[in-house]
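**Q** Below is the structure I would like to discuss, written out as structure tokens.
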Number of protein chains: 2
Amino acid sequence: MADQSSPPEKPRTSYHHGDLPGTLTEEAARLLSEKGADGFSMREVARRAGVAVAAPSHHFGNAKGLLTSVASCGFEALKSHQEAAMDGIDDPEDRVIALCKTYVDMGRRHPGYAAVMFRWDLVEANDARYSAAAKGALDLLKSTVADAAPVAMEDEKIDDAAKALWAAMHGFVTLSLADGEPAARRIAFTVRTFLAGLRAEAEE
Amino acid sequence: MADQSSPPEKPRTSYHHGDLPGTLTEEAARLLSEKGADGFSMREVARRAGVAVAAPSHHFGNAKGLLTSVASCGFEALKSHQEAAMDGIDDPEDRVIALCKTYVDMGRRHPGYAAVMFRWDLVEANDARYSAAAKGALDLLKSTVADAAPVAMEDEKIDDAAKALWAAMHGFVTLSLADGEPAARRIAFTVRTFLAGLRAEAEE
DNA sequence: TGACGAATCTGATCAGTGTTCAGACAACCG
DNA sequence: CGGTTGTCTGAACACTGATCAGATTCGTCA
């Protein structure tokens, strides 16, 4: 996970850079947070890193590779934020809400990461690190939902429920349906309603 | 709404085209369905329409403008498909399900439209025709949800509920979480659970 | 210590892109 | 019939991602 902080242009002296992949990932995240996914360019990242235009391709193969690296950092950051957000909360339902809020809040916390981590088309979905990071975040949601769902509910339904909530949060983000103040209320409403529906189904 | 059918290259004779904006929108949709949003290019569209590379810019200003036109066609098509899908269905809950299925199914029906209509970043959200088309689809969902929700539920909650379902469907599409056979089951499950939650909240 | 292979990075080049702009052309309206 | 307006052309500009030979340095093994 790159930490997104360091001066943009420190003209280096040695021929070798030291940690060019890391620097490129940071610089790419910075560029993405400034100009969005449209304004992103491989060449601009190279320029900011003070390196030849062809250097990034050497490490990441192509633009997709670099963006995948950024997105992976994003999912790793997401998971740790989610765990931190749930820390100290006991009520299972409130834990799901806290987790979902963190998902939607990535756009504000890390606009650079968010610009690509919710864009499946920009990313190499088969990349090992990436898919592991994405799966980690989904698994955390699944287990949290399982704790909040009625006991003895089939695994398949838990899985469906987690994916439905995941999809709803994803929709909120990409549709910008939960920006600003309404976000917290709308997310809580969605989670509460859905979990209530799960309980109602279990009782009948 | 462009109908996406006509031979790609009919070398025209007159200097003026007749309906270049329409042809360009059709051709763009065709190109999008073949190569996806990545493979799209303004020049290729012009080539297929048998027209100078600068011609599309004249009518649509820039690439975003042309894609916005395609997306608008998509939403207009979506609304009529949704109305058709609900035709003959009386049960309010089943109507919501039918409507949501149509949303997710756009990717199979009209891959060209779907490639851009779910991509807010590629599109000029302020465009009059576009926002009217998108609002029309959302309004249809709202009224359908209102019919399925408990009577005397506040408008604000109806609105929240509709947007939550809209977001979930959008998430299913962009996450490809509801492809193939599981789609129908997962959508029905999500809608039923959510509506059950709404009823449970109303009772308490 | 020295040398050699492998990794890193450069600089130039290629094909392709969106956008702009003066000007050629045709339709429409007074 | 003539002029104005809108349509379309063709060339130009400033970019982009990707590739490749070759320069530079690191790491390793003798």
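Just remember, in the structure tokens the first chain shown is A, the second B, etc., residues are 1-based per chain, and ligands are 1-based in the order shown.
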Please return as a count of residues only: the residues of range 2-178 of chain A that backbone DSSP assigns to alpha helix (DSSP H).
**A** 121
**Q** For range 1-18 of chain C, work out the shell of residues within 12 Å, counting only C-alpha atoms (C1' of nucleotides) and skipping chain neighbours fewer than 3 positions away, then give it as an MDAnalysis selection string.
**A** (chainID A and resid 14:21 46 50:59) or (chainID B and resid 39:44 53:54 56:57 61:64) or (chainID D and resid 13:30)
**Q** Residues of chain A were defined as contacting chain B if any atom lay at most 6 Å from it, counting only C-alpha atoms; please report them as a PyMOL selection string.
**A** chain A and resi 167-168+170-172+193-194+196-198
**Q** Okay, now the selection with C-alpha atoms, as a tab-separated table (two decimals), in the first residue's frame?
**A**
```
chain	number	residue	atom	x	y	z
A	167	ALA	CA	-23.84	-4.17	-5.17
A	168	ALA	CA	-26.00	-1.51	-3.54
A	170	HIS	CA	-21.19	0.01	-5.33
A	171	GLY	CA	-24.21	1.55	-6.99
A	172	PHE	CA	-24.32	4.37	-4.45
A	193	THR	CA	-34.27	-2.53	5.68
A	194	PHE	CA	-32.42	-5.35	4.01
A	196	ALA	CA	-35.14	-6.68	8.46
A	197	GLY	CA	-36.22	-8.37	5.26
A	198	LEU	CA	-33.85	-11.24	5.96
```
**Q** Can you write out as CSV which residues of chain C fall within 12 Å of chain B, alongside each residue's closest atom pair and its distance in Å to one decimal, counting only C-alpha atoms (C1' of nucleotides) and ordering rows by chain and ascending residue number?
**A**
```
residue,atom,partner,partner_atom,distance
C:DG16,C1',B:Arg43,CA,9.8
C:DT17,C1',B:Ser41,CA,7.7
C:DG18,C1',B:Met42,CA,7.5
C:DT19,C1',B:Asn62,CA,7.8
C:DT20,C1',B:Ala54,CA,9.0
C:DC21,C1',B:Ala54,CA,10.5
C:DA24,C1',B:Tyr15,CA,10.5
C:DC25,C1',B:Tyr15,CA,7.1
C:DA26,C1',B:His16,CA,7.1
C:DA27,C1',B:His16,CA,8.9
```
**Q** Taking a cut-off of 10 Å and counting only C-alpha atoms (C1' of nucleotides), can you build a table that, for each residue of chain D near chain B, reports the nearest atom pair and how far apart they are in Å (one decimal), sorted by chain then residue number, as JSON lines?
**A**
```
{"residue": "D:DT7", "atom": "C1'", "partner": "B:His16", "partner_atom": "CA", "distance": 6.4}
{"residue": "D:DC8", "atom": "C1'", "partner": "B:Ala55", "partner_atom": "CA", "distance": 6.2}
{"residue": "D:DT9", "atom": "C1'", "partner": "B:Ala52", "partner_atom": "CA", "distance": 6.3}
{"residue": "D:DG10", "atom": "C1'", "partner": "B:Ala52", "partner_atom": "CA", "distance": 8.1}
```
**Q** Set the distance at 12 Å and use only C-alpha atoms (C1' of nucleotides): which residues neighbour Leu138 in chain B once local chain neighbours fewer than 2 positions away are removed? I'd like the list as a ChimeraX atom specification.
**A** /B:75-76,78-79,82,99-100,103,131-136,140-145,159-167,169-170
**Q** Quick one: pull the distance between CA of Arg47 in chain A and CA of Thr23 in chain A, Å, one decimal.
**A** 11.8 Å
**Q** Set the distance at 12 Å and use only C-alpha atoms (C1' of nucleotides): which residues neighbour DC29 in chain C once local chain neighbours fewer than 5 positions away are removed? I'd like the list as a list of chain:residue names.
**A** D:DC1, D:DG2, D:DG3, D:DT4, D:DT5
**Q** When you draw a straight line from CA of Asp155 in chain A to CA of Glu181 in chain B, how long is it in Å?
**A**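 Calculated distance between CA of Asp155 in chain A and CA of Glu181 in chain B is 18.8 Å.
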**Q** At what distance in Å, to one decimal, does CA of Val96 in chain B lie from CA of Ala148 in chain B?
**A**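 Atom-to-atom, CA of Ala148 in chain B and CA of Val96 in chain B are spaced 7.5 Å apart.
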